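Asker: I'm passing along data_1.cif; it holds mmCIF, C-alpha atoms.
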data_final
loop_
_atom_site.label_atom_id
_atom_site.label_comp_id
_atom_site.auth_asym_id
_atom_site.auth_seq_id
_atom_site.Cartn_x
_atom_site.Cartn_y
_atom_site.Cartn_z
CA MET A 1 57.10 72.13 99.52
CA GLU A 2 59.95 74.65 99.33
CA GLU A 3 62.78 74.07 101.82
CA LYS A 4 63.28 76.92 104.26
CA THR A 5 66.71 78.57 104.22
CA PRO A 6 68.35 78.03 107.62
CA ASN A 7 69.40 80.85 109.93
CA ALA A 8 73.04 81.86 110.37
CA ASP A 9 73.88 79.29 113.07
CA GLU A 10 72.18 76.45 111.20
CA ALA A 11 73.90 77.43 107.93
CA LEU A 12 77.31 77.48 109.63
CA THR A 13 76.70 74.04 111.15
CA TYR A 14 75.72 72.77 107.69
CA PHE A 15 78.85 74.32 106.09
CA ARG A 16 81.12 72.76 108.69
CA ASP A 17 79.54 69.31 108.21
CA VAL A 18 79.81 69.50 104.42
CA ALA A 19 83.36 70.87 104.54
CA LYS A 20 84.43 68.10 106.91
CA LYS A 21 83.12 65.43 104.51
CA TYR A 22 84.82 66.90 101.45
CA ALA A 23 88.02 68.30 102.98
CA ALA A 24 89.75 64.92 102.68
CA PHE A 25 89.38 65.13 98.88
CA VAL A 26 91.01 68.56 98.58
CA PRO A 27 94.52 69.09 100.09
CA GLY A 28 94.74 72.34 102.05
CA ALA A 29 90.97 72.77 102.20
CA ASN A 30 90.98 73.48 105.92
CA GLN A 31 93.43 76.35 105.35
CA VAL A 32 90.66 78.09 103.38
CA ILE A 33 87.66 76.98 105.43
CA ASP A 34 88.70 77.49 109.06
CA PRO A 35 89.59 81.22 108.89
CA MET A 36 86.36 81.94 106.99
CA PHE A 37 84.22 80.20 109.65
CA ASP A 38 86.10 81.94 112.47
CA THR A 39 85.49 85.33 110.84
CA ILE A 40 81.80 84.61 110.29
CA ASP A 41 81.40 83.52 113.92
CA GLU A 42 82.63 86.94 115.01
CA LEU A 43 80.85 89.04 112.39
CA LYS A 44 77.40 87.50 112.88
CA GLN A 45 77.42 88.82 116.46
CA SER A 46 78.00 92.44 115.44
CA HIS A 47 76.83 92.62 111.80
CA GLY A 48 74.11 89.99 111.62
CA ASP A 49 72.13 91.26 108.61
CA GLU A 50 75.14 91.62 106.30
CA THR A 51 76.56 88.28 107.43
CA GLU A 52 73.17 86.58 107.01
CA LYS A 53 73.01 87.77 103.39
CA ILE A 54 76.40 86.20 102.58
CA LEU A 55 75.47 82.99 104.41
CA LYS A 56 72.16 82.67 102.56
CA GLY A 57 73.85 82.97 99.15
CA THR A 58 76.58 80.53 100.20
CA TYR A 59 74.05 78.01 101.51
CA GLU A 60 72.07 78.01 98.27
CA GLU A 61 75.21 77.52 96.15
CA ILE A 62 76.60 74.73 98.33
CA LYS A 63 73.26 72.94 98.63
CA GLU A 64 72.86 72.91 94.85
CA THR A 65 76.45 71.71 94.29
CA VAL A 66 76.13 68.88 96.84
CA THR A 67 72.74 67.80 95.46
CA LYS A 68 74.01 67.62 91.89
CA GLY A 69 77.43 66.20 92.74
CA SER A 70 78.86 63.17 94.49
CA LEU A 71 81.22 62.54 97.39
CA ASP A 72 84.28 62.95 95.16
CA VAL A 73 87.23 65.19 94.32
CA LYS A 74 85.39 67.12 91.59
CA THR A 75 82.54 68.13 93.89
CA GLY A 76 84.99 68.89 96.71
CA GLN A 77 86.95 71.26 94.46
CA LYS A 78 83.74 73.04 93.42
CA LEU A 79 82.77 73.49 97.07
CA ILE A 80 86.17 74.91 97.98
CA GLU A 81 85.96 77.37 95.08
CA ILE A 82 82.55 78.52 96.34
CA LEU A 83 83.88 78.94 99.88
CA LYS A 84 86.97 80.81 98.65
CA ARG A 85 84.84 83.20 96.60
CA ARG A 86 82.34 83.72 99.42
CA GLY A 87 85.25 83.98 101.83
CA GLU A 88 86.42 87.05 99.91
CA GLU A 89 83.01 88.64 100.57
CA VAL A 90 83.41 87.83 104.26
CA GLU A 91 86.88 89.40 104.27
CA GLU A 92 85.56 92.54 102.57
CA LEU A 93 82.91 92.85 105.27
CA ALA A 94 85.54 92.22 107.96
CA LYS A 95 87.78 94.90 106.43
CA LYS A 96 84.87 97.32 106.26
CA VAL A 97 84.12 96.97 109.97
CA GLY A 98 87.80 97.06 110.96
CA ARG A 99 88.21 93.43 112.01
CA ASP A 100 91.71 91.94 112.06
CA SER A 101 91.86 89.10 109.50
CA ILE A 102 95.42 87.98 110.20
CA GLN A 103 95.49 87.60 113.99
CA PRO A 104 93.20 84.51 113.97
CA ILE A 105 95.57 82.86 111.47
CA LEU A 106 98.55 83.59 113.73
CA ASP A 107 96.65 82.28 116.75
CA LYS A 108 95.95 79.01 114.93
CA SER A 109 99.54 78.61 113.67
CA PRO A 110 102.17 78.63 116.46
CA GLU A 111 105.01 78.32 113.91
CA LEU A 112 103.75 81.36 112.04
CA LYS A 113 103.19 83.35 115.22
CA LYS A 114 106.70 82.57 116.42
CA ALA A 115 108.23 83.53 113.06
CA VAL A 116 106.38 86.86 112.88
CA GLY A 117 106.94 87.65 116.57
CA GLY A 118 105.97 91.15 117.68
CA ASN A 119 106.30 92.60 114.17
CA TYR A 120 102.61 92.21 113.41
CA ASP A 121 101.52 94.08 116.56
CA GLU A 122 103.96 96.85 115.69
CA LEU A 123 102.60 96.94 112.15
CA LYS A 124 99.01 97.39 113.39
CA ARG A 125 100.05 100.26 115.68
CA LEU A 126 101.81 101.96 112.77
CA VAL A 127 98.77 101.57 110.50
CA GLU A 128 96.51 103.14 113.13
CA ALA A 129 98.90 106.06 113.52
CA HIS A 130 99.59 106.84 109.87
CA GLY A 131 96.24 107.06 108.10
CA ASP A 132 94.75 106.01 104.77
CA GLU A 133 97.95 105.37 102.79
CA ALA A 134 99.25 103.09 105.53
CA LYS A 135 95.85 101.35 105.64
CA ALA A 136 96.03 100.71 101.88
CA LYS A 137 99.47 99.10 102.30
CA TYR A 138 98.11 96.99 105.15
CA ASP A 139 95.12 95.83 103.07
CA ASP A 140 97.50 94.81 100.28
CA LEU A 141 99.61 92.91 102.82
CA VAL A 142 96.56 91.06 104.20
CA LYS A 143 95.65 89.92 100.68
CA GLN A 144 99.18 88.62 100.03
CA LEU A 145 99.43 86.89 103.42
CA LYS A 146 96.13 85.10 102.91
CA GLU A 147 97.26 83.89 99.48
CA ILE A 148 100.42 82.44 101.06
CA TYR A 149 98.46 80.84 103.92
CA ASP A 150 95.81 79.34 101.60
CA LYS A 151 98.51 77.45 99.68
CA GLY A 152 99.57 75.66 102.86
CA LEU A 153 102.30 76.16 105.43
CA SER A 154 105.89 75.04 104.84
CA PRO A 155 109.30 76.40 105.91
CA ASP A 156 109.39 78.44 102.67
CA SER A 157 105.88 79.88 103.06
CA ILE A 158 106.50 80.76 106.73
CA LYS A 159 109.67 82.62 105.64
CA GLN A 160 107.64 84.41 102.94
CA PHE A 161 105.03 85.38 105.54
CA GLN A 162 107.72 86.68 107.90
CA ASP A 163 109.56 88.63 105.20
CA LEU A 164 106.36 90.27 103.93
CA VAL A 165 105.35 91.48 107.39
CA GLN A 166 108.86 92.91 107.96
CA LYS A 167 108.90 94.56 104.53
CA LYS A 168 105.49 96.22 104.94
CA THR A 169 106.33 97.30 108.49
CA GLN A 170 109.42 99.08 107.19
CA GLU A 171 107.49 100.66 104.29
CA ILE A 172 104.84 102.01 106.67
CA LYS A 173 107.51 103.26 109.08
CA GLU A 174 109.14 105.19 106.23
CA LEU A 175 105.76 106.46 105.08
CA GLY A 176 104.92 107.65 108.59
CA GLN A 177 108.37 109.18 109.03
CA LYS A 178 108.02 111.19 105.81
CA ALA A 179 104.47 112.23 106.68
CA GLY A 180 105.61 113.29 110.14
CA GLN A 181 108.54 115.29 108.79
CA ASP A 182 106.37 116.96 106.12
CA ALA A 183 103.71 117.80 108.70
CA TRP A 184 106.37 119.17 111.08
CA ASP A 185 107.91 121.39 108.38
CA LYS A 186 104.53 122.70 107.25
CA ALA A 187 103.19 123.27 110.78
CA SER A 188 106.44 124.92 111.94
CA LYS A 189 106.22 127.40 109.09
CA GLN A 190 102.55 128.15 109.77
CA ALA A 191 103.09 128.51 113.51
CA LYS A 192 106.26 130.65 113.35
CA PRO A 193 104.45 133.99 113.96
CA TYR A 194 102.80 132.50 117.07
CA LEU A 195 105.90 130.71 118.35
CA ASP A 196 108.00 133.87 118.08
CA LYS A 197 105.68 135.30 120.74
CA MET A 198 105.79 132.12 122.87
CA PRO A 199 109.47 131.15 123.36
CA GLU A 200 108.56 128.68 126.15
CA ILE A 201 106.34 126.71 123.76
CA LYS A 202 108.91 126.85 120.97
CA LYS A 203 111.55 125.48 123.37
CA GLN A 204 109.23 122.65 124.47
CA LEU A 205 108.54 121.69 120.85
CA ASP A 206 112.20 121.85 119.82
CA GLU A 207 113.20 119.62 122.74
CA ASN A 208 110.59 117.01 121.78
CA ALA A 209 110.75 117.32 118.00
CA GLN A 210 111.88 113.73 117.40
CA VAL A 211 109.02 112.25 119.42
CA LEU A 212 106.36 114.32 117.66
CA ILE A 213 107.77 113.72 114.18
CA ALA A 214 107.90 109.97 114.77
CA SER A 215 104.33 109.96 116.11
CA GLY A 216 102.87 111.00 112.76
CA GLY A 217 101.33 113.94 110.95
CA LYS A 218 97.96 113.91 112.71
CA ASN A 219 99.51 114.33 116.15
CA ILE A 220 101.67 117.22 114.94
CA GLN A 221 98.72 118.97 113.32
CA ASP A 222 96.71 118.59 116.54
CA VAL A 223 99.50 120.31 118.49
CA TYR A 224 99.79 123.22 116.07
CA ASP A 225 96.00 123.65 115.90
CA LYS A 226 96.08 124.09 119.68
CA ILE A 227 98.88 126.67 119.35
CA LYS A 228 96.89 128.68 116.81
CA GLU A 229 93.74 128.44 118.92
CA ALA A 230 95.60 129.71 122.00
CA ALA A 231 97.23 132.56 120.06
CA ASP A 232 93.90 133.63 118.50
CA LYS A 233 92.31 133.87 121.96
CA GLY A 234 95.13 136.01 123.30
CA ILE A 235 98.44 134.99 124.83
CA ASN A 236 98.83 135.20 128.59
CA LYS A 237 100.52 133.19 131.34
CA ASN A 238 97.50 130.93 131.91
CA LYS A 239 97.19 130.18 128.19
CA ILE A 240 100.91 129.33 128.03
CA ASN A 241 100.56 126.92 130.98
CA GLU A 242 97.49 125.28 129.44
CA LEU A 243 99.28 124.90 126.12
CA GLN A 244 102.37 123.41 127.75
CA ASN A 245 100.16 120.83 129.49
CA VAL A 246 98.38 119.97 126.23
CA ILE A 247 101.71 119.52 124.40
CA LYS A 248 103.11 117.45 127.27
CA GLN A 249 100.04 115.19 127.09
CA LYS A 250 100.52 114.73 123.32
CA ILE A 251 104.20 113.92 123.82
CA ASP A 252 103.39 111.39 126.57
CA GLU A 253 100.74 109.75 124.36
CA ALA A 254 103.24 109.51 121.49
CA ARG A 255 105.81 107.85 123.75
CA GLN A 256 103.29 105.41 125.25
CA SER A 257 101.77 104.44 121.90
CA GLY A 258 104.88 102.45 120.95
CA ASN A 259 104.98 104.08 117.51
CA VAL A 260 108.28 105.83 118.12
CA ASN A 261 111.28 104.11 116.58
CA TRP A 262 114.23 105.85 118.23
CA ASP A 263 116.71 105.19 115.42
CA ASP A 264 114.32 106.81 112.92
CA ALA A 265 113.45 109.54 115.39
CA TRP A 266 117.12 110.44 115.91
CA LYS A 267 117.60 110.73 112.14
CA SER A 268 114.65 113.13 112.04
CA LEU A 269 116.14 115.19 114.84
CA GLU A 270 119.46 115.38 112.99
CA GLN A 271 117.64 116.56 109.85
CA TYR A 272 115.77 119.17 111.87
CA ILE A 273 118.95 120.46 113.58
CA GLN A 274 120.77 120.74 110.25
CA LYS A 275 118.08 123.15 109.02
CA LEU A 276 118.87 125.56 111.86
CA PRO A 277 121.57 128.24 111.52
CA GLY A 278 124.85 126.55 112.40
CA GLY A 279 123.05 123.19 112.61
CA SER A 280 125.60 121.24 110.60
CA GLU A 281 128.27 122.13 113.18
CA VAL A 282 125.98 120.97 115.99
#
Take the structure in the file and give it back as structure tokens.

Answerer:
Amino acid sequence: MEEKTPNADEALTYFRDVAKKYAAFVPGANQVIDPMFDTIDELKQSHGDETEKILKGTYEEIKETVTKGSLDVKTGQKLIEILKRRGEEVEELAKKVGRDSIQPILDKSPELKKAVGGNYDELKRLVEAHGDEAKAKYDDLVKQLKEIYDKGLSPDSIKQFQDLVQKKTQEIKELGQKAGQDAWDKASKQAKPYLDKMPEIKKQLDENAQVLIASGGKNIQDVYDKIKEAADKGINKNKINELQNVIKQKIDEARQSGNVNWDDAWKSLEQYIQKLPGGSEV
């Protein structure tokens, strides 16, 4: 009689039992296994069908390997390879649905969490603010961090982890800064005919240029879309007031988001001022 494939909860219990038996034979096995199980626990609640498919394939592979093997190093290594490969499928699913793969690792590793500090939270905020290119850099970082973690923690690997997070954070800051500046330059040029007729709005934007530039291209484009929309409908006192309130809201959101690095923002302001007539003297 054919054995029935277990459901997701039963399969996970089976994986944990098998992994516990064989982990002693393979140094660092828990580094690979624990994050995978934690991720599956979360994903099966929200994406049951896709998770179930991965679990079913994993169960069949592990069952066959255990049946044909023995309680030894060779079988343990085969099992870890299966879990690593299937773990990559789990991570792809997690990435697809926007789940954070690194935070659980930090939560399980106090030394790592202390070394990284608030840099990882800052990094996530920057990624959310700066679009697809920033997301690609983040995905590359996640892959590298997991490779470091899977090899086991040591003072050297913790330093590597810390340095990588700092490096990628800086890269994404620079990416966002350039995108913000490019968006500001482009939008300013497009909006000039409208802003010439709305000196109050131009003044408000000039006074808050550094905040908007540092907040990213999307925020800037949103502001200038609103300016164009208001101008197309006809400029009057009410429209000016509405627009000022919208811009103020965008500026407040940018400040509260925590994405503004004031050193970088000041550099952007200096660049902006230097483009104005007599700006270098200012």

Asker: Exactly which residues make up the result of the PyMOL selection byres ((chain A and resi 8) around 9) on this file, given as JSON, numbers by chain?

Answerer: {"A": [6, 7, 9, 10, 11, 12, 13, 44, 48, 51, 52, 55, 56]}

Asker: Care to translate the PyMOL selection byres ((chain A and resi 198) around 12) into actual residues of this file, as a ChimeraX atom specification?

Answerer: /A:191-197,199-205,227-228,230-231,234-237,239-241,243-244

Asker: For the atom pair atom CA of A:Lys78 and atom CA of A:Met36, what is the interatomic distance in Å to one decimal place?

Answerer: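 Pair atom CA of A:Lys78 / atom CA of A:Met36 returns 16.4 Å.
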
Asker: Ranking A:Val90, A:Ala134, A:Leu43, A:Ala19 by minimum distance to A:Leu71 and counting only C-alpha atoms, which one comes first?

Answerer: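 The shortest atom-to-atom distance to A:Leu71 comes from A:Ala19.
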
Asker: I'd like to see the residues matched by the PyMOL selection byres ((chain A and resi 106) around 12) on this file, and ideally I'd get them as a list in words.

Answerer: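 Those residues are Pro35, Asp100, Ser101, Ile102, Gln103, Pro104, Ile105, Asp107, Lys108, Ser109, Pro110, Glu111, Leu112, Lys113, Lys114, Ala115, Val116, Gly117, Gly118, Asn119, Tyr120, Asp121, Leu145, Lys146, Tyr149, Leu153, Ile158, Phe161 and Gln162 of chain A.
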
Asker: Would you mind reading off the distance between atom CA of A:Arg86 and atom CA of A:Asp17, one decimal, in Å?

Answerer: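 So the answer is 17.1 Å.
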
Asker: Counting all atoms listed in the file, which residues have an atom no more than 12 Å from (86.5, 89.4, 97.5) in the file's coordinates? Please list them as a list in words.

Answerer: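 Output: Ile54, Ile82, Leu83, Lys84, Arg85, Arg86, Gly87, Glu88, Glu89, Val90, Glu91, Glu92, Leu93, Ala94, Lys95, Lys96, Lys143 and Lys146 of chain A.
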
Asker: Distance table requested - stretch 144-179 of chain A against stretch 183-189 of chain A, cut-off 12 Å, all atoms listed in the file: one row per qualifying residue with the closest atom pair and its distance in Å to one decimal, ordered by chain and rising residue number, as a tab-separated table.

Answerer:
residue	atom	partner	partner_atom	distance
A:Gly176	CA	A:Ala183	CA	10.2
A:Gln177	CA	A:Ala183	CA	9.8
A:Lys178	CA	A:Ala183	CA	8.4
A:Ala179	CA	A:Ala183	CA	6.0
